[in-house]
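S.K.: So that you have it, the file is model17.csv, and it contains CSV, C-alpha atoms:
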```csv
chain,number,residue,atom,x,y,z
A,13,MET,CA,-87.4,-160.4,49.4
A,14,PRO,CA,-86.3,-159.9,45.8
A,15,ASP,CA,-83.7,-162.2,44.2
A,16,PRO,CA,-80.2,-161.2,45.1
A,17,THR,CA,-78.0,-159.1,42.7
A,18,ILE,CA,-74.4,-160.0,42.1
A,19,PHE,CA,-72.1,-157.0,42.3
A,20,VAL,CA,-68.6,-157.4,40.8
A,21,ASP,CA,-65.7,-155.2,41.7
A,22,ALA,CA,-64.7,-155.5,38.1
A,23,ASP,CA,-61.3,-153.7,37.9
A,24,ALA,CA,-58.7,-156.4,37.6
A,25,CYS,CA,-61.3,-159.1,38.1
A,26,PRO,CA,-60.0,-162.4,36.6
A,27,VAL,CA,-63.3,-164.2,36.7
A,28,LYS,CA,-65.8,-161.8,35.0
A,29,ALA,CA,-66.7,-164.5,32.4
A,30,GLU,CA,-67.3,-167.1,35.0
A,31,ALA,CA,-69.5,-164.7,37.1
A,32,LEU,CA,-71.5,-163.8,34.0
A,33,LYS,CA,-72.0,-167.5,33.3
A,34,VAL,CA,-73.2,-168.4,36.8
A,35,ALA,CA,-75.5,-165.3,36.9
A,36,GLU,CA,-77.1,-166.3,33.6
A,37,ARG,CA,-77.6,-169.9,34.7
A,38,LEU,CA,-79.2,-168.8,38.0
A,39,GLY,CA,-81.2,-166.0,36.4
A,40,LEU,CA,-79.7,-163.3,38.6
A,41,VAL,CA,-78.9,-159.7,37.7
A,42,ILE,CA,-75.2,-159.0,37.7
A,43,THR,CA,-73.7,-155.5,37.9
A,44,LEU,CA,-70.0,-155.0,36.8
A,45,VAL,CA,-68.6,-151.9,38.5
A,46,SER,CA,-65.4,-150.4,37.3
A,47,ASN,CA,-63.5,-147.2,36.4
A,48,GLY,CA,-63.9,-148.0,32.7
A,49,GLY,CA,-62.9,-150.4,30.0
A,50,ILE,CA,-65.7,-152.9,30.2
A,51,ARG,CA,-67.6,-153.7,27.0
A,52,PRO,CA,-71.4,-153.0,27.2
A,53,SER,CA,-73.7,-155.9,27.2
A,54,ARG,CA,-77.0,-156.4,25.3
A,55,ASP,CA,-78.2,-158.7,28.0
A,56,PRO,CA,-80.8,-156.9,30.2
A,57,MET,CA,-79.6,-159.0,33.2
A,58,VAL,CA,-76.1,-157.5,32.9
A,59,LYS,CA,-75.5,-154.0,34.1
A,60,ILE,CA,-72.3,-152.1,33.5
A,61,VAL,CA,-71.6,-149.2,35.9
A,62,VAL,CA,-68.6,-146.9,35.2
A,63,VAL,CA,-67.6,-144.8,38.2
A,64,SER,CA,-65.3,-141.8,38.3
A,65,ALA,CA,-61.6,-142.5,38.7
A,66,GLY,CA,-60.8,-142.6,42.4
A,67,ALA,CA,-59.3,-145.0,44.8
A,68,ASP,CA,-62.5,-146.2,46.3
A,69,ALA,CA,-65.2,-145.0,43.8
A,70,ALA,CA,-66.2,-148.5,42.7
A,71,ASP,CA,-66.2,-149.7,46.3
A,72,ASP,CA,-68.3,-146.8,47.5
A,73,TRP,CA,-70.9,-147.3,44.7
A,74,ILE,CA,-71.1,-151.1,45.5
A,75,VAL,CA,-71.6,-150.5,49.2
A,76,GLU,CA,-74.3,-147.8,48.5
A,77,GLN,CA,-76.2,-150.1,46.1
A,78,ALA,CA,-75.9,-153.5,47.7
A,79,ALA,CA,-78.5,-154.8,50.2
A,80,ALA,CA,-78.6,-157.7,52.6
A,81,ASN,CA,-78.5,-161.1,50.8
A,82,ASP,CA,-76.8,-159.6,47.7
A,83,ILE,CA,-73.5,-161.1,46.5
A,84,VAL,CA,-70.4,-159.1,46.3
A,85,LEU,CA,-67.4,-160.4,44.3
A,86,THR,CA,-64.1,-158.8,45.2
A,87,ALA,CA,-60.5,-159.2,46.2
A,88,ASP,CA,-60.6,-155.9,48.1
A,89,ILE,CA,-60.6,-156.8,51.9
A,90,PRO,CA,-61.9,-153.4,53.1
A,91,LEU,CA,-64.8,-153.6,50.5
A,92,ALA,CA,-65.5,-157.1,51.7
A,93,SER,CA,-65.7,-155.9,55.3
A,94,ARG,CA,-68.1,-153.1,54.4
A,95,ALA,CA,-70.3,-155.4,52.4
A,96,ILE,CA,-70.4,-157.9,55.2
A,97,ASP,CA,-71.6,-155.1,57.5
A,98,LYS,CA,-74.6,-154.6,55.2
A,99,GLY,CA,-75.5,-158.3,55.3
A,100,CYS,CA,-74.1,-159.2,51.9
A,101,HIS,CA,-72.5,-162.5,50.9
A,102,VAL,CA,-68.9,-161.9,49.8
A,103,LEU,CA,-66.7,-164.1,47.7
A,104,GLY,CA,-63.1,-163.6,46.7
A,105,PHE,CA,-62.0,-164.3,43.1
A,106,THR,CA,-60.4,-167.6,44.2
A,107,GLY,CA,-63.7,-168.8,45.6
A,108,LYS,CA,-62.8,-168.1,49.2
A,109,PRO,CA,-65.7,-166.6,51.1
A,110,PHE,CA,-65.3,-163.6,53.3
A,111,THR,CA,-67.5,-164.1,56.4
A,112,PRO,CA,-68.2,-162.2,59.6
A,113,ASP,CA,-65.9,-164.8,61.3
A,114,SER,CA,-63.0,-164.5,58.9
A,115,ILE,CA,-63.0,-160.8,57.9
A,116,GLY,CA,-61.2,-159.6,61.1
A,117,MET,CA,-58.2,-161.8,60.4
A,118,ALA,CA,-58.2,-160.9,56.7
A,119,LEU,CA,-58.1,-157.2,57.6
A,120,ALA,CA,-55.3,-157.8,60.2
A,121,MET,CA,-53.2,-159.8,57.7
A,122,ARG,CA,-53.7,-157.1,55.1
A,123,GLU,CA,-52.4,-154.5,57.5
A,124,LEU,CA,-49.4,-156.7,58.5
A,125,ASN,CA,-48.5,-157.4,54.8
A,126,GLN,CA,-48.8,-153.7,54.0
A,127,HIS,CA,-46.4,-152.9,56.9
A,128,LEU,CA,-44.0,-155.5,55.7
A,129,ARG,CA,-44.0,-154.1,52.2
A,130,GLU,CA,-43.5,-150.6,53.5
A,131,THR,CA,-40.5,-151.6,55.6
A,132,GLY,CA,-39.0,-153.7,52.8
A,133,GLU,CA,-39.4,-157.0,54.6
A,134,SER,CA,-41.6,-158.3,51.9
A,135,LYS,CA,-41.7,-157.8,48.1
A,136,GLY,CA,-45.5,-158.0,48.1
A,137,TYR,CA,-45.8,-160.5,45.3
A,138,ASN,CA,-49.2,-162.1,45.0
A,139,ALA,CA,-49.6,-165.8,44.0
A,140,GLY,CA,-50.6,-166.3,40.4
A,141,PHE,CA,-54.2,-167.0,39.5
A,142,THR,CA,-54.5,-170.7,38.7
A,143,PRO,CA,-57.0,-172.9,36.8
A,144,ALA,CA,-57.8,-174.5,40.2
A,145,ASP,CA,-58.7,-171.0,41.5
A,146,ARG,CA,-61.0,-170.4,38.6
A,147,SER,CA,-62.7,-173.8,39.1
A,148,ALA,CA,-63.1,-173.2,42.9
A,149,PHE,CA,-64.6,-169.8,42.2
A,150,LEU,CA,-67.2,-171.2,39.7
A,151,SER,CA,-68.2,-173.9,42.2
A,152,ALA,CA,-68.4,-171.5,45.2
A,153,LEU,CA,-70.3,-168.8,43.3
A,154,ASP,CA,-72.8,-171.4,42.0
A,155,THR,CA,-73.4,-172.7,45.6
A,156,LEU,CA,-73.6,-169.2,47.1
A,157,GLY,CA,-76.0,-168.0,44.3
A,158,ARG,CA,-78.3,-170.9,45.0
A,159,LYS,CA,-78.2,-170.3,48.7
A,160,ALA,CA,-78.9,-166.6,48.3
A,161,LYS,CA,-81.8,-167.3,45.9
A,162,SER,CA,-83.4,-169.7,48.4
A,163,GLN,CA,-83.0,-167.2,51.2
A,164,ALA,CA,-84.8,-164.6,49.0
A,165,GLY,CA,-87.7,-167.0,48.5
A,166,LYS,CA,-88.4,-167.2,52.2
```
Show me the file's structure as structure tokens.

M.R.:
Amino acid sequence: MPDPTIFVDADACPVKAEALKVAERLGLVITLVSNGGIRPSRDPMVKIVVVSAGADAADDWIVEQAAANDIVLTADIPLASRAIDKGCHVLGFTGKPFTPDSIGMALAMRELNQHLRETGESKGYNAGFTPADRSAFLSALDTLGRKAKSQAGK
């Protein structure tokens, strides 16, 4: 099995630099997927993919390209669910993993929160991204990357 690739849902991703750093340290290819606005890289291990503007264009591209044991970085819960269905490892930008055991509850909470926003019961504010989140993400991605690499070597 080849080494895993890291796919980043890069639109509004607050940890691109950290993901690039971990990918470089582990020697993994990383693909940043967005609707545009990402600087090209001279590093052959960094791929930039610009998809057409569309609600799920980046998500669809990632799901089409990702394979079992690849790593998907996203805050998008439906994308996380689709990637898990393909056998990918999925990590949120705060370092929280999405797993087959946790994704059902995450989808249900997303739907509940969307309903509360639509009915005016919730303002829909998200918590701010903290230095602790950045640190947790770095640690979790490093651990996950090592795990995926060791699974690829089997």

S.K.: May I have the residues within 9 Å of Ala79 (chain A) as a list in words, using only C-alpha atoms and disregarding those fewer than 6 positions away in the same chain?

M.R.: Pro16, Thr17, Ala95, Lys98, Gly99 and Cys100 of chain A

S.K.: Give me the residues within 12 Å of Ala29 (chain A) as a list in words, counting all atoms listed in the file and dropping any in the same chain fewer than 4 places off.

M.R.: Val20, Ala22, Cys25, Lys33, Val34, Ala35, Glu36, Ile42, Leu44, Ile50, Val58, Phe105, Arg146, Phe149 and Leu150 of chain A

S.K.: Using C-alpha atoms, can you export the residues from the last selection as a PDB file, in the coordinates of the input?

M.R.:
```pdb
ATOM      1  CA  VAL A  20     -68.600-157.400  40.800  1.00  0.00           C
ATOM      2  CA  ALA A  22     -64.700-155.500  38.100  1.00  0.00           C
ATOM      3  CA  CYS A  25     -61.300-159.100  38.100  1.00  0.00           C
ATOM      4  CA  LYS A  33     -72.000-167.500  33.300  1.00  0.00           C
ATOM      5  CA  VAL A  34     -73.200-168.400  36.800  1.00  0.00           C
ATOM      6  CA  ALA A  35     -75.500-165.300  36.900  1.00  0.00           C
ATOM      7  CA  GLU A  36     -77.100-166.300  33.600  1.00  0.00           C
ATOM      8  CA  ILE A  42     -75.200-159.000  37.700  1.00  0.00           C
ATOM      9  CA  LEU A  44     -70.000-155.000  36.800  1.00  0.00           C
ATOM     10  CA  ILE A  50     -65.700-152.900  30.200  1.00  0.00           C
ATOM     11  CA  VAL A  58     -76.100-157.500  32.900  1.00  0.00           C
ATOM     12  CA  PHE A 105     -62.000-164.300  43.100  1.00  0.00           C
ATOM     13  CA  ARG A 146     -61.000-170.400  38.600  1.00  0.00           C
ATOM     14  CA  PHE A 149     -64.600-169.800  42.200  1.00  0.00           C
ATOM     15  CA  LEU A 150     -67.200-171.200  39.700  1.00  0.00           C
TER      16      LEU A 150
END
```

S.K.: When you draw a straight line from CA of Pro112 (chain A) to CA of Ile96 (chain A), how long is it in Å?

M.R.: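 Result for CA of Pro112 (chain A) versus CA of Ile96 (chain A): 6.5 Å, one decimal.
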
S.K.: Residues of region 25-48 of chain A within 12 Å of region 139-143 of chain A: nearest atom pair and distance (Å, one decimal) for each, counting only C-alpha atoms, sorted by chain and number, as CSV?

M.R.:
```
residue,atom,partner,partner_atom,distance
A:Cys25,CA,A:Phe141,CA,10.7
A:Pro26,CA,A:Phe141,CA,8.0
A:Val27,CA,A:Phe141,CA,9.9
A:Glu30,CA,A:Pro143,CA,12.0
```

S.K.: Keeping only C-alpha atoms, write the selected residues to a file as a tab-separated table (two decimals), keeping the file's coordinate frame.

M.R.:
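Just written: result.tsv:
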```tsv
chain	number	residue	atom	x	y	z
A	25	CYS	CA	-61.30	-159.10	38.10
A	26	PRO	CA	-60.00	-162.40	36.60
A	27	VAL	CA	-63.30	-164.20	36.70
A	30	GLU	CA	-67.30	-167.10	35.00
```

S.K.: For Asp82 (chain A), which residue among A:Ser64, A:His101, A:Gln163, A:Asp55 is the nearest when counting only C-alpha atoms?

M.R.: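 That would be A:His101, the residue with the smallest distance to Asp82 (chain A).
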
S.K.: Rank nothing, just name the residue among A:Ala65, A:Ala144, A:Leu153, A:Ala70 nearest to Lys28 (chain A), using all atoms listed in the file.

M.R.: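 Residue with the minimum atom-to-atom distance to Lys28 (chain A): A:Leu153.
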
S.K.: Measuring atom to atom with only C-alpha atoms, identify which of A:Ser151, A:Asn47, A:Thr111, A:Thr131 is nearest to Asp71 (chain A).

M.R.: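 Nearest candidate to Asp71 (chain A) out of A:Ser151, A:Asn47, A:Thr111, A:Thr131: A:Asn47.
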
S.K.: Compare A:Arg158, A:Ser46, A:Gly104, A:Ala24 by their minimum atom-to-atom distance to Gly66 (chain A), counting only C-alpha atoms, and give me the closest one.

M.R.: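 Selected residue with least distance to Gly66 (chain A): A:Ser46.
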
S.K.: Could you state the separation of CA of Val63 (chain A) and CA of Thr86 (chain A) in Å, given to one decimal place?

M.R.: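 Separation of CA of Val63 (chain A) and CA of Thr86 (chain A): 16.0 Å.
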
S.K.: With distances taken over only C-alpha atoms, which residue among A:Gly107, A:Ile60, A:Asp113, A:Gly132 lies nearest Asp145 (chain A)?

M.R.: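 Distance minimum relative to Asp145 (chain A) lands on A:Gly107.
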
S.K.: CA of Ile74 (chain A) and CA of Leu156 (chain A), how far apart in Å?

M.R.: 18.3 Å

S.K.: Which residue out of A:Ile83, A:Leu91, A:Val61, A:Ala78 has the minimum interatomic distance to Lys161 (chain A) when only C-alpha atoms are used?

M.R.: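 Nearest to Lys161 (chain A): A:Ile83.
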